[in-house]
file model.txt (compact mmCIF, C-alpha atoms)
# COMPACT_ATOMS: atom_id res chain seq x y z
CA MET A 26 -127.71 238.00 -56.10
CA LEU A 27 -124.59 240.16 -56.17
CA ASN A 28 -122.20 239.50 -53.27
CA LYS A 29 -124.46 237.10 -51.44
CA LYS A 30 -122.48 235.01 -48.95
CA ILE A 31 -122.41 231.21 -49.06
CA PHE A 32 -121.05 228.76 -46.48
CA ILE A 33 -120.61 225.02 -47.03
CA LYS A 34 -119.95 222.58 -44.19
CA THR A 35 -118.47 219.39 -45.62
CA PHE A 36 -118.65 215.95 -44.01
CA GLY A 37 -116.98 212.68 -44.95
CA CYS A 38 -114.76 211.77 -47.84
CA GLN A 39 -112.33 213.66 -50.06
CA MET A 40 -114.85 213.52 -52.91
CA ASN A 41 -117.26 215.58 -50.81
CA GLU A 42 -114.50 218.13 -50.32
CA TYR A 43 -113.92 218.23 -54.08
CA ASP A 44 -117.67 218.54 -54.69
CA SER A 45 -117.98 221.42 -52.22
CA ASN A 46 -115.20 223.32 -53.98
CA ARG A 47 -116.91 222.78 -57.34
CA ILE A 48 -120.22 224.04 -55.93
CA TYR A 49 -118.38 227.19 -54.82
CA ASP A 50 -116.98 227.53 -58.36
CA SER A 51 -120.47 227.21 -59.82
CA VAL A 52 -122.38 229.59 -57.54
CA SER A 53 -119.71 232.28 -57.93
CA LYS A 54 -121.24 232.81 -61.39
CA LEU A 55 -124.36 234.03 -59.58
CA GLY A 56 -122.35 236.45 -57.49
CA PHE A 57 -122.15 234.26 -54.38
CA VAL A 58 -119.00 234.82 -52.34
CA LYS A 59 -117.48 232.13 -50.13
CA THR A 60 -117.52 232.97 -46.42
CA SER A 61 -115.88 231.24 -43.46
CA ASN A 62 -118.35 232.87 -41.07
CA GLN A 63 -121.04 230.27 -40.38
CA SER A 64 -123.38 232.77 -38.76
CA ASN A 65 -123.44 235.31 -41.60
CA ALA A 66 -124.46 233.44 -44.76
CA ASP A 67 -127.28 234.00 -47.23
CA CYS A 68 -127.01 230.35 -48.28
CA TYR A 69 -125.92 227.53 -45.95
CA ILE A 70 -125.11 224.09 -47.39
CA LEU A 71 -124.52 220.86 -45.49
CA ASN A 72 -122.65 218.50 -47.83
CA THR A 73 -123.39 215.20 -46.12
CA CYS A 74 -121.90 211.71 -45.90
CA HIS A 75 -123.88 208.48 -45.38
CA ILE A 76 -121.04 206.04 -44.74
CA ARG A 77 -120.85 206.06 -40.95
CA ASP A 78 -123.37 205.37 -38.20
CA LYS A 79 -126.05 207.94 -37.33
CA ALA A 80 -125.21 210.05 -40.40
CA LYS A 81 -128.83 211.13 -40.77
CA GLU A 82 -129.15 212.18 -37.11
CA LYS A 83 -125.95 214.24 -37.36
CA VAL A 84 -127.53 216.21 -40.21
CA TYR A 85 -130.62 217.07 -38.14
CA HIS A 86 -128.39 217.98 -35.21
CA GLU A 87 -126.47 220.37 -37.49
CA ILE A 88 -129.71 221.93 -38.75
CA GLY A 89 -130.72 222.53 -35.14
CA ARG A 90 -127.41 224.29 -34.56
CA VAL A 91 -127.92 226.46 -37.66
CA LYS A 92 -131.40 227.41 -36.44
CA LYS A 93 -129.88 228.72 -33.20
CA LEU A 94 -127.21 230.68 -35.10
CA TYR A 95 -129.89 232.45 -37.16
CA LYS A 96 -132.56 232.71 -34.46
CA ASN A 97 -132.65 236.51 -34.57
CA LYS A 98 -131.44 236.92 -38.15
CA LYS A 99 -132.78 236.42 -41.62
CA LYS A 100 -132.95 232.68 -42.37
CA PRO A 101 -130.38 231.50 -44.96
CA ILE A 102 -131.38 229.33 -47.91
CA MET A 103 -130.82 225.92 -46.32
CA ILE A 104 -129.52 223.24 -48.70
CA ILE A 105 -128.87 219.62 -47.76
CA ALA A 106 -126.52 218.10 -50.32
CA GLY A 107 -124.59 214.84 -50.64
CA CYS A 108 -125.30 211.22 -49.85
CA VAL A 109 -127.76 211.67 -46.96
CA ALA A 110 -129.79 213.98 -49.23
CA GLN A 111 -129.75 211.26 -51.92
CA ALA A 112 -130.77 208.49 -49.53
CA GLU A 113 -133.46 210.37 -47.60
CA ASN A 114 -134.61 212.95 -50.21
CA GLU A 115 -138.19 214.22 -49.69
CA GLU A 116 -138.52 212.55 -46.27
CA MET A 117 -136.22 215.28 -44.98
CA PHE A 118 -138.74 217.98 -45.86
CA LYS A 119 -141.38 216.22 -43.77
CA ARG A 120 -139.12 215.98 -40.74
CA GLU A 121 -137.45 219.38 -41.00
CA PRO A 122 -139.34 222.28 -42.67
CA TYR A 123 -136.27 224.51 -42.20
CA ILE A 124 -134.73 222.80 -45.26
CA ASP A 125 -135.31 224.60 -48.57
CA ILE A 126 -133.47 222.46 -51.12
CA ILE A 127 -132.46 218.78 -51.26
CA LEU A 128 -129.57 218.18 -53.67
CA GLY A 129 -128.17 214.73 -54.48
CA PRO A 130 -124.49 214.29 -55.45
CA GLN A 131 -125.29 213.70 -59.13
CA SER A 132 -127.36 216.90 -59.39
CA TYR A 133 -124.83 219.55 -58.36
CA HIS A 134 -124.89 221.02 -61.85
CA LYS A 135 -128.45 222.19 -61.09
CA VAL A 136 -127.50 224.24 -58.01
CA ASN A 137 -127.43 227.59 -59.86
CA ASN A 138 -130.87 227.06 -61.34
CA LEU A 139 -132.27 225.98 -57.98
CA LEU A 140 -130.88 229.08 -56.28
CA THR A 141 -132.09 231.38 -59.08
CA GLU A 142 -135.58 229.90 -58.98
CA HIS A 143 -135.74 229.68 -55.18
CA ILE A 144 -138.95 231.09 -53.73
CA VAL A 145 -139.42 231.37 -49.97
CA ASN A 146 -141.43 228.45 -48.52
CA GLN A 147 -141.25 226.51 -51.79
CA LYS A 148 -139.34 223.24 -51.43
CA GLN A 149 -137.08 221.95 -54.23
CA GLU A 150 -135.63 218.46 -54.58
CA GLU A 151 -133.12 217.13 -57.12
CA THR A 152 -131.81 213.60 -56.56
CA GLU A 153 -131.77 212.01 -60.01
CA PHE A 154 -128.66 210.15 -61.15
CA ASP A 155 -127.47 212.45 -63.93
CA THR A 156 -123.71 211.98 -63.73
CA ILE A 157 -122.93 212.68 -67.40
CA SER A 158 -124.80 216.01 -67.37
CA LYS A 159 -123.17 216.94 -64.07
CA PHE A 160 -119.61 216.47 -65.29
CA GLY A 161 -120.49 218.01 -68.66
CA TYR A 162 -121.60 221.14 -66.81
CA PHE A 163 -118.58 221.33 -64.50
CA ASP A 164 -116.20 220.78 -67.42
CA GLN A 165 -117.28 224.28 -68.49
CA VAL A 166 -116.73 225.80 -65.03
CA LYS A 167 -113.17 226.74 -64.09
CA ASN A 168 -111.77 224.92 -61.07
CA ASN A 169 -110.41 227.77 -58.94
CA ASN A 170 -108.70 225.60 -56.33
CA ASN A 171 -105.23 227.06 -55.76
CA LYS A 172 -104.15 225.12 -52.69
CA ILE A 173 -100.81 223.33 -52.88
CA SER A 174 -102.57 219.95 -52.67
CA ALA A 175 -105.86 219.46 -54.53
CA PHE A 176 -108.37 216.71 -55.27
CA LEU A 177 -109.54 215.83 -58.79
CA THR A 178 -112.48 213.46 -59.29
CA ILE A 179 -111.98 211.12 -62.27
CA GLN A 180 -114.59 208.45 -61.48
CA GLU A 181 -117.79 208.19 -59.48
CA GLY A 182 -120.16 205.47 -58.38
CA CYS A 183 -119.77 201.77 -57.74
CA ASP A 184 -120.84 198.49 -59.36
CA LYS A 185 -119.31 196.23 -56.68
CA PHE A 186 -122.29 196.07 -54.28
CA CYS A 187 -120.37 195.08 -51.16
CA HIS A 188 -123.08 193.98 -48.74
CA PHE A 189 -122.23 196.67 -46.17
CA CYS A 190 -121.92 199.65 -48.51
CA VAL A 191 -124.45 202.31 -49.42
CA VAL A 192 -122.38 203.98 -52.19
CA PRO A 193 -124.11 202.26 -55.17
CA TYR A 194 -127.41 203.64 -53.87
CA THR A 195 -126.21 207.19 -53.16
CA ARG A 196 -123.65 207.74 -55.94
CA GLY A 197 -125.08 205.43 -58.57
CA PRO A 198 -123.29 203.13 -61.07
CA GLU A 199 -119.63 203.49 -62.00
CA TYR A 200 -118.95 206.37 -64.36
CA SER A 201 -115.55 207.42 -65.73
CA ARG A 202 -115.00 210.97 -66.95
CA PRO A 203 -113.51 211.56 -70.43
CA PHE A 204 -109.71 211.37 -70.33
CA LYS A 205 -109.18 214.74 -72.07
CA LYS A 206 -111.54 216.53 -69.66
CA ILE A 207 -109.59 215.19 -66.68
CA ILE A 208 -106.30 216.34 -68.18
CA ALA A 209 -107.78 219.77 -68.95
CA GLU A 210 -108.90 220.17 -65.32
CA ALA A 211 -105.50 218.96 -64.07
CA GLU A 212 -103.81 221.57 -66.27
CA GLN A 213 -106.12 224.20 -64.79
CA LEU A 214 -105.11 223.16 -61.26
CA ILE A 215 -101.41 223.20 -62.15
CA GLU A 216 -101.85 226.68 -63.67
CA ASN A 217 -103.46 227.74 -60.36
CA GLY A 218 -100.29 226.69 -58.52
CA VAL A 219 -101.30 223.21 -57.34
CA LYS A 220 -98.26 220.99 -56.75
CA GLU A 221 -99.93 217.75 -55.68
CA ILE A 222 -103.01 216.16 -57.27
CA THR A 223 -104.94 213.33 -55.66
CA LEU A 224 -107.11 211.53 -58.21
CA LEU A 225 -110.44 210.55 -56.68
CA GLY A 226 -113.09 207.90 -57.24
CA GLN A 227 -115.29 205.59 -55.20
CA ASN A 228 -113.44 202.92 -57.22
CA VAL A 229 -110.69 205.10 -58.64
CA ASN A 230 -108.71 202.21 -60.13
CA ALA A 231 -111.83 200.97 -61.95
CA TYR A 232 -111.47 204.07 -64.15
CA SER A 233 -112.03 203.07 -67.79
CA TYR A 234 -112.80 205.45 -70.66
CA LEU A 235 -113.05 204.27 -74.27
CA GLU A 236 -112.30 206.69 -77.10
CA ASN A 237 -111.43 205.86 -80.73
CA ASN A 238 -111.10 202.17 -79.79
CA LYS A 239 -108.51 203.01 -77.13
CA GLU A 240 -109.18 202.32 -73.47
CA TYR A 241 -107.79 204.87 -71.03
CA ARG A 242 -107.11 203.57 -67.52
CA LEU A 243 -105.90 205.17 -64.29
CA SER A 244 -102.34 204.30 -65.34
CA HIS A 245 -102.69 206.49 -68.45
CA ILE A 246 -103.73 209.48 -66.33
CA ILE A 247 -100.84 209.00 -63.91
CA ASN A 248 -98.25 208.63 -66.66
CA TYR A 249 -99.64 211.63 -68.55
CA LEU A 250 -99.57 213.87 -65.46
CA ASN A 251 -96.03 212.74 -64.74
CA GLN A 252 -94.76 214.91 -67.62
CA TYR A 253 -95.80 218.26 -66.06
CA SER A 254 -92.67 219.77 -64.53
CA GLU A 255 -94.65 222.05 -62.18
CA LEU A 256 -96.47 219.08 -60.63
CA VAL A 257 -94.50 217.51 -57.79
CA ARG A 258 -96.67 214.65 -56.52
CA ILE A 259 -99.48 212.36 -57.71
CA ARG A 260 -101.74 210.24 -55.48
CA TYR A 261 -105.04 208.40 -55.92
CA THR A 262 -107.80 207.05 -53.67
CA THR A 263 -109.89 204.96 -53.01
CA SER A 264 -108.96 201.78 -54.82
CA HIS A 265 -110.31 198.22 -54.83
CA PRO A 266 -108.10 195.08 -54.83
CA ARG A 267 -110.00 193.64 -57.82
CA ASP A 268 -108.94 196.58 -59.99
CA MET A 269 -105.26 196.66 -59.02
CA THR A 270 -104.16 195.79 -62.56
CA GLU A 271 -100.66 195.13 -63.85
CA ASP A 272 -100.49 198.46 -65.73
CA LEU A 273 -101.31 200.35 -62.51
CA ILE A 274 -98.75 198.40 -60.50
CA GLU A 275 -96.18 199.21 -63.21
CA CYS A 276 -96.81 202.94 -62.60
CA TYR A 277 -94.89 202.64 -59.36
CA SER A 278 -91.85 202.01 -61.55
CA SER A 279 -92.61 204.30 -64.52
CA SER A 280 -93.86 207.42 -62.68
CA GLN A 281 -91.38 209.33 -60.56
CA LYS A 282 -94.15 211.51 -59.12
CA LEU A 283 -96.52 208.76 -57.96
CA MET A 284 -96.08 208.54 -54.20
CA PRO A 285 -95.06 205.14 -52.73
CA PHE A 286 -98.16 204.99 -50.55
CA VAL A 287 -101.03 202.62 -51.41
CA HIS A 288 -104.40 203.02 -49.73
CA LEU A 289 -106.03 199.70 -50.58
CA PRO A 290 -109.00 198.72 -48.38
CA ILE A 291 -109.21 195.02 -47.56
CA GLN A 292 -111.91 195.29 -44.81
CA SER A 293 -111.04 191.90 -43.24
CA GLY A 294 -108.16 189.43 -43.07
CA SER A 295 -110.58 186.49 -43.17
CA ASN A 296 -111.60 184.94 -46.50
CA ARG A 297 -114.86 183.79 -44.93
CA MET A 298 -115.70 187.35 -43.95
CA LEU A 299 -114.66 188.72 -47.35
CA GLU A 300 -117.10 186.31 -48.96
CA LEU A 301 -119.87 187.32 -46.57
CA MET A 302 -119.14 190.97 -47.40
CA ASN A 303 -119.26 190.20 -51.16
CA ARG A 304 -115.80 191.74 -51.61
CA LYS A 305 -114.93 189.45 -54.57
CA HIS A 306 -111.24 189.16 -53.61
CA THR A 307 -109.30 186.94 -51.21
CA VAL A 308 -106.53 187.57 -48.71
CA ASP A 309 -104.14 185.75 -51.07
CA ASP A 310 -105.13 188.14 -53.90
CA TYR A 311 -104.31 191.04 -51.60
CA LEU A 312 -100.97 189.59 -50.50
CA ASP A 313 -100.04 189.01 -54.13
CA ILE A 314 -100.59 192.73 -54.88
CA TYR A 315 -98.58 193.65 -51.78
CA GLU A 316 -95.65 191.42 -52.76
CA ARG A 317 -95.59 192.64 -56.39
CA LEU A 318 -95.51 196.28 -55.29
CA LYS A 319 -92.83 195.65 -52.66
CA GLU A 320 -90.76 193.97 -55.37
CA ILE A 321 -90.97 197.13 -57.49
CA ASN A 322 -90.17 199.45 -54.57
CA GLU A 323 -89.47 198.25 -51.03
CA ASP A 324 -90.24 201.78 -49.72
CA ILE A 325 -93.94 201.39 -50.60
CA GLU A 326 -96.19 201.36 -47.55
CA PHE A 327 -99.80 200.18 -47.36
CA SER A 328 -102.83 201.75 -45.73
CA SER A 329 -106.23 200.07 -45.44
CA ASP A 330 -109.78 200.10 -44.07
CA PHE A 331 -111.04 197.49 -41.61
CA ILE A 332 -114.61 196.69 -40.58
CA ILE A 333 -114.63 195.03 -37.16
CA GLY A 334 -117.59 193.10 -35.80
CA TYR A 335 -119.24 192.47 -39.17
CA PRO A 336 -122.26 190.12 -38.79
CA GLY A 337 -121.00 186.56 -38.41
CA GLU A 338 -117.42 187.50 -37.43
CA THR A 339 -115.95 184.81 -35.16
CA GLN A 340 -112.88 184.98 -32.94
CA LYS A 341 -110.99 183.06 -35.64
CA ASP A 342 -111.99 185.60 -38.30
CA PHE A 343 -110.84 188.41 -36.03
CA GLU A 344 -107.51 186.72 -35.30
CA GLU A 345 -106.89 186.32 -39.04
CA THR A 346 -107.43 190.07 -39.51
CA PHE A 347 -105.08 190.81 -36.61
CA GLN A 348 -102.45 188.50 -38.13
CA LEU A 349 -102.67 190.26 -41.51
CA ILE A 350 -102.11 193.64 -39.82
CA LYS A 351 -99.02 192.20 -38.10
CA GLU A 352 -97.75 190.81 -41.40
CA ILE A 353 -98.21 193.88 -43.60
CA LYS A 354 -97.70 196.57 -40.90
CA PHE A 355 -100.34 198.90 -42.32
CA ILE A 356 -99.92 202.61 -41.61
CA ASN A 357 -102.36 205.56 -41.72
CA SER A 358 -105.28 203.11 -41.69
CA PHE A 359 -108.93 203.36 -40.70
CA SER A 360 -110.88 200.89 -38.57
CA PHE A 361 -114.51 200.97 -37.46
CA ILE A 362 -117.10 198.79 -35.80
CA PHE A 363 -119.66 197.68 -38.37
CA SER A 364 -122.69 199.97 -38.53
CA PRO A 365 -125.65 198.91 -40.70
CA ARG A 366 -126.53 201.20 -43.60
CA PRO A 367 -130.24 201.26 -44.53
CA GLY A 368 -131.02 199.45 -47.76
CA THR A 369 -127.90 197.26 -47.77
CA ILE A 370 -127.94 193.46 -47.45
CA ALA A 371 -125.83 193.61 -44.27
CA SER A 372 -128.43 195.84 -42.57
CA LYS A 373 -130.75 192.84 -42.38
CA LEU A 374 -128.18 190.57 -40.67
CA ASP A 375 -127.86 189.87 -36.96
CA MET A 376 -125.26 192.05 -35.24
CA ILE A 377 -122.61 190.46 -33.05
CA ASP A 378 -122.38 191.46 -29.38
CA LYS A 379 -121.34 195.12 -29.23
CA SER A 380 -119.01 194.65 -26.25
CA ILE A 381 -117.10 191.95 -28.17
CA ALA A 382 -116.89 194.20 -31.23
CA LYS A 383 -115.54 197.05 -29.07
CA GLU A 384 -112.89 194.81 -27.51
CA ARG A 385 -111.77 193.64 -30.95
CA LEU A 386 -111.66 197.19 -32.31
CA THR A 387 -109.49 198.29 -29.37
CA LEU A 388 -106.97 195.52 -30.09
CA ILE A 389 -106.94 196.29 -33.83
CA GLN A 390 -106.47 200.00 -33.28
CA GLU A 391 -103.71 199.47 -30.73
CA LYS A 392 -101.85 197.43 -33.34
CA LEU A 393 -102.47 199.90 -36.16
CA PHE A 394 -101.44 202.81 -33.94
CA SER A 395 -98.27 201.01 -32.85
CA ASN A 396 -97.39 200.46 -36.53
CA GLN A 397 -97.78 204.20 -37.11
CA ILE A 398 -95.71 205.10 -34.06
CA GLU A 399 -93.01 202.66 -35.20
CA ILE A 400 -92.70 204.04 -38.75
CA ASN A 401 -92.77 207.64 -37.46
CA LYS A 402 -90.08 206.78 -34.91
CA SER A 403 -87.95 205.24 -37.69
CA MET A 404 -87.88 208.66 -39.40
CA GLU A 405 -86.40 210.46 -36.42
CA ASN A 406 -82.90 211.78 -37.21
CA GLN A 407 -83.59 211.13 -40.90
CA ILE A 408 -83.70 213.78 -43.63
CA ILE A 409 -86.93 213.45 -45.63
CA ASP A 410 -88.76 215.19 -48.49
CA VAL A 411 -91.67 217.36 -47.41
CA LEU A 412 -94.08 219.20 -49.71
CA VAL A 413 -94.88 222.44 -47.87
CA GLU A 414 -98.61 223.23 -47.93
CA ASN A 415 -99.14 226.24 -45.68
CA LYS A 416 -98.25 228.28 -42.64
CA MET A 417 -100.15 227.12 -39.59
CA GLU A 418 -102.69 229.42 -37.99
CA LYS A 419 -101.78 231.17 -34.73
CA GLN A 420 -98.23 229.81 -34.60
CA ASN A 421 -94.98 230.43 -36.43
CA LYS A 422 -94.78 226.91 -37.83
CA PHE A 423 -95.25 225.42 -41.28
CA PHE A 424 -97.18 222.35 -42.38
CA GLY A 425 -96.46 219.77 -45.05
CA ARG A 426 -96.64 216.03 -45.67
CA ASN A 427 -94.12 213.31 -46.37
CA LYS A 428 -94.47 210.72 -49.13
CA TYR A 429 -96.72 208.58 -46.90
CA ILE A 430 -99.16 211.51 -46.37
CA THR A 431 -98.05 211.84 -42.73
CA PRO A 432 -98.24 215.46 -41.43
CA VAL A 433 -94.91 217.21 -40.80
CA ILE A 434 -94.62 220.39 -38.69
CA PHE A 435 -91.42 222.44 -38.83
CA ASP A 436 -89.87 225.91 -38.64
CA GLY A 437 -89.80 227.45 -42.09
CA ASN A 438 -90.59 230.53 -44.12
CA ASP A 439 -93.24 231.71 -46.59
CA ASN A 440 -90.92 231.22 -49.57
CA GLN A 441 -90.97 227.46 -49.00
CA ILE A 442 -94.76 227.09 -49.48
CA GLY A 443 -95.35 224.93 -52.56
CA LYS A 444 -91.81 223.59 -52.59
CA ASN A 445 -90.54 220.09 -51.96
CA ILE A 446 -87.89 220.66 -49.31
CA LYS A 447 -85.56 218.64 -47.09
CA VAL A 448 -86.51 218.42 -43.42
CA LYS A 449 -84.58 216.69 -40.65
CA ILE A 450 -87.04 214.92 -38.33
CA GLN A 451 -86.23 215.51 -34.67
CA ASN A 452 -89.15 213.82 -32.96
CA SER A 453 -92.57 212.33 -33.59
CA ASN A 454 -95.81 211.09 -32.12
CA GLN A 455 -98.48 208.73 -33.42
CA ASN A 456 -99.86 211.18 -35.98
CA THR A 457 -97.17 213.77 -36.75
CA LEU A 458 -93.49 214.30 -37.48
CA PHE A 459 -91.62 217.35 -36.15
CA GLY A 460 -88.44 218.74 -37.64
CA SER A 461 -86.34 221.57 -38.99
CA VAL A 462 -85.46 222.59 -42.53
CA ILE A 463 -82.05 221.61 -43.88
CA LYS A 464 -80.89 224.85 -45.48
CA ASN A 465 -79.27 224.95 -48.92
CA MET A 466 -80.25 221.36 -49.60
CA LYS A 467 -82.61 220.69 -52.49
CA ALA A 468 -85.16 217.90 -52.38
CA ALA A 469 -84.82 214.99 -54.76

call {"tool": "encode", "arguments": {"input": "model.txt", "output": "structure tokens"}}
result
Amino acid sequence: MLNKKIFIKTFGCQMNEYDSNRIYDSVSKLGFVKTSNQSNADCYILNTCHIRDKAKEKVYHEIGRVKKLYKNKKKPIMIIAGCVAQAENEEMFKREPYIDIILGPQSYHKVNNLLTEHIVNQKQEETEFDTISKFGYFDQVKNNNNKISAFLTIQEGCDKFCHFCVVPYTRGPEYSRPFKKIIAEAEQLIENGVKEITLLGQNVNAYSYLENNKEYRLSHIINYLNQYSELVRIRYTTSHPRDMTEDLIECYSSSQKLMPFVHLPIQSGSNRMLELMNRKHTVDDYLDIYERLKEINEDIEFSSDFIIGYPGETQKDFEETFQLIKEIKFINSFSFIFSPRPGTIASKLDMIDKSIAKERLTLIQEKLFSNQIEINKSMENQIIDVLVENKMEKQNKFFGRNKYITPVIFDGNDNQIGKNIKVKIQNSNQNTLFGSVIKNMKAA
């Protein structure tokens, strides 16, 4: 298979992006070379996400597009990976014969064997939950990611069973990787030149690994990574309010490299809705976490996820969510109209009127967007720290992010890539800050 080309199109979350990179690392052992040319691949992988509405239909639409790309060419080995593959598995073969291999997210360690054993017209499916074997395999495969900012999965799966969520069925139960293996992979990334590591998990702050009667938590990983001088920033996502423990909150005081940005999904500002969703936390629990973190560092900002129009949501429930957004002033947040996921409890409930849900979403998003505009505006004429990630394509500008993960575009030079520099912000819009480098001024 020497110098065969492979292309992966990745949908959805950061964990899928991490997984795609690890698949590339694995198949390189077979001689596969990563290509950015979608129409010239020997193997084409769709790494799918099942969180949002019509996820399955989007996959079939993509396959149709691939068919057109290769209409007069040799067909690539077509692999459907990720959460849609896990949820739909062999049904996909029946609907779309163009697919060769179905690969669930806990079976990525089998990708090399599947490719080696692939025979034309023979279908292969691997969707067993085999998380321990998967991570055991990838622990032996070097992570070649050398971007300035990289993801590192420390935990997978979920035991929470929120009534709207499909993750427990597509990613399986919660599993935490061995502490030493995580640190070894982090060291590999740092050696590659990575300056910012984002620790990933479906419930990243539920991370718990027991070794020699000692429990390692997310806080231990953060504090351990803090000692590496070459590493500039540490982040983590996605967390759950139930697992926002005291030791993790304390990290915002003990770790200089942990960014003061907390993505903590609440989903609703109504206790009644939280109970219907089976979230197992209250608005007061959430506000308590918010207040404790603000006490440690008033610069900390919160981001969240909101489901609007969940079955049973009343005007009062909606107004309570709106009030919470006004109170906390969330930034960089995500909001969606509820879409039923097959197999979940919420999928069997009666939907509220779609026009009402759309109206509510518009109001929520207007408020969230105005919060973002306001905080971005407050940074104009300020000098801020920016970690420079890359030069932008087709223009002589550079790209980085501030401590709140907001994109920053500025005039710079190649020598600044990978450095934490000072940038004076001149103007902004809802999504981005624009500025110029302050020369001869080192970042804090």

call {"tool": "atom_distance", "arguments": {"input": "model.txt", "atom1": "atom CA of A:Ser279", "atom2": "atom CA of A:Cys38"}}
result
28.7 Å

call {"tool": "residues_around", "arguments": {"input": "model.txt", "residues": "A:Tyr200", "least_positions_apart": "6", "cutoff": "9 Å", "atoms": "only C-alpha atoms", "output": "JSON, numbers by chain"}}
result
{"A": [156, 157, 179, 180, 181, 182, 183, 232, 233, 234]}

call {"tool": "atom_distance", "arguments": {"input": "model.txt", "atom1": "atom CA of A:Glu221", "atom2": "atom CA of A:Arg258"}}
result
4.6 Å

call {"tool": "closest_atom_pairs", "arguments": {"input": "model.txt", "of": "stretch 332-372 of chain A", "to": "stretch 67-85 of chain A", "cutoff": "12 Å", "atoms": "all atoms listed in the file", "output": "JSON lines"}}
result
{"residue": "A:Ile332", "atom": "CA", "partner": "A:Arg77", "partner_atom": "CA", "distance": 11.3}
{"residue": "A:Ser360", "atom": "CA", "partner": "A:Arg77", "partner_atom": "CA", "distance": 11.5}
{"residue": "A:Phe361", "atom": "CA", "partner": "A:Arg77", "partner_atom": "CA", "distance": 8.8}
{"residue": "A:Ile362", "atom": "CA", "partner": "A:Asp78", "partner_atom": "CA", "distance": 9.4}
{"residue": "A:Phe363", "atom": "CA", "partner": "A:Asp78", "partner_atom": "CA", "distance": 8.5}
{"residue": "A:Ser364", "atom": "CA", "partner": "A:Asp78", "partner_atom": "CA", "distance": 5.5}
{"residue": "A:Pro365", "atom": "CA", "partner": "A:Asp78", "partner_atom": "CA", "distance": 7.3}
{"residue": "A:Arg366", "atom": "CA", "partner": "A:Ile76", "partner_atom": "CA", "distance": 7.4}
{"residue": "A:Pro367", "atom": "CA", "partner": "A:His75", "partner_atom": "CA", "distance": 9.7}
{"residue": "A:Gly368", "atom": "CA", "partner": "A:His75", "partner_atom": "CA", "distance": 11.8}
{"residue": "A:Thr369", "atom": "CA", "partner": "A:Ile76", "partner_atom": "CA", "distance": 11.5}
{"residue": "A:Ser372", "atom": "CA", "partner": "A:Asp78", "partner_atom": "CA", "distance": 11.6}

call {"tool": "atom_distance", "arguments": {"input": "model.txt", "atom1": "atom CA of A:Lys305", "atom2": "atom CA of A:Pro336"}}
result
17.4 Å

call {"tool": "residues_around", "arguments": {"input": "model.txt", "residues": "A:Glu338", "least_positions_apart": "2", "cutoff": "12 Å", "atoms": "only C-alpha atoms", "output": "ChimeraX atom specification"}}
result
/A:293-302,332-336,340-346,362-363,374-379,381-382,385

call {"tool": "residues_around", "arguments": {"input": "model.txt", "residues": "stretch 263-269 of chain A", "least_positions_apart": "2", "cutoff": "8 Å", "atoms": "all atoms listed in the file", "output": "list in words"}}
result
Leu225, Gly226, Gln227, Asn228, Val229, Asn230, Ala231, Tyr261, Glu271, Leu273, Ile274, His288, Leu289, Pro290, Ile291, Lys305, His306, Asp310, Tyr311 and Ile314 of chain A

call {"tool": "residues_around", "arguments": {"input": "model.txt", "residues": "A:Ile126", "least_positions_apart": "5", "cutoff": "10 Å", "atoms": "only C-alpha atoms", "output": "list in words"}}
result
Ile70, Ile102, Met103, Ile104, Ile105, Ala106, Ala110, Asn114, Glu115, Met117, Phe118, Val136, Leu139, Leu140, His143, Gln147, Lys148, Gln149, Glu150 and Glu151 of chain A

call {"tool": "write_last_selection", "arguments": {"input": "model.txt", "atoms": "C-alpha atoms", "output": "PDB file, keeping the file's coordinate frame"}}
result
ATOM      1  CA  ILE A  70    -125.110 224.090 -47.390  1.00  0.00           C
ATOM      2  CA  ILE A 102    -131.380 229.330 -47.910  1.00  0.00           C
ATOM      3  CA  MET A 103    -130.820 225.920 -46.320  1.00  0.00           C
ATOM      4  CA  ILE A 104    -129.520 223.240 -48.700  1.00  0.00           C
ATOM      5  CA  ILE A 105    -128.870 219.620 -47.760  1.00  0.00           C
ATOM      6  CA  ALA A 106    -126.520 218.100 -50.320  1.00  0.00           C
ATOM      7  CA  ALA A 110    -129.790 213.980 -49.230  1.00  0.00           C
ATOM      8  CA  ASN A 114    -134.610 212.950 -50.210  1.00  0.00           C
ATOM      9  CA  GLU A 115    -138.190 214.220 -49.690  1.00  0.00           C
ATOM     10  CA  MET A 117    -136.220 215.280 -44.980  1.00  0.00           C
ATOM     11  CA  PHE A 118    -138.740 217.980 -45.860  1.00  0.00           C
ATOM     12  CA  VAL A 136    -127.500 224.240 -58.010  1.00  0.00           C
ATOM     13  CA  LEU A 139    -132.270 225.980 -57.980  1.00  0.00           C
ATOM     14  CA  LEU A 140    -130.880 229.080 -56.280  1.00  0.00           C
ATOM     15  CA  HIS A 143    -135.740 229.680 -55.180  1.00  0.00           C
ATOM     16  CA  GLN A 147    -141.250 226.510 -51.790  1.00  0.00           C
ATOM     17  CA  LYS A 148    -139.340 223.240 -51.430  1.00  0.00           C
ATOM     18  CA  GLN A 149    -137.080 221.950 -54.230  1.00  0.00           C
ATOM     19  CA  GLU A 150    -135.630 218.460 -54.580  1.00  0.00           C
ATOM     20  CA  GLU A 151    -133.120 217.130 -57.120  1.00  0.00           C
TER      21      GLU A 151
END

call {"tool": "closest_residue", "arguments": {"input": "model.txt", "among": "A:Val191, A:Ala175, A:Ala66, A:Ile442", "to": "A:Val109", "atoms": "all atoms listed in the file"}}
result
A:Val191

call {"tool": "residues_around", "arguments": {"input": "model.txt", "residues": "A:Phe163", "least_positions_apart": "2", "cutoff": "8 Å", "atoms": "only C-alpha atoms", "output": "list of chain:residue names"}}
result
A:Arg47, A:Ser51, A:His134, A:Lys159, A:Phe160, A:Gly161, A:Gln165, A:Val166, A:Lys167
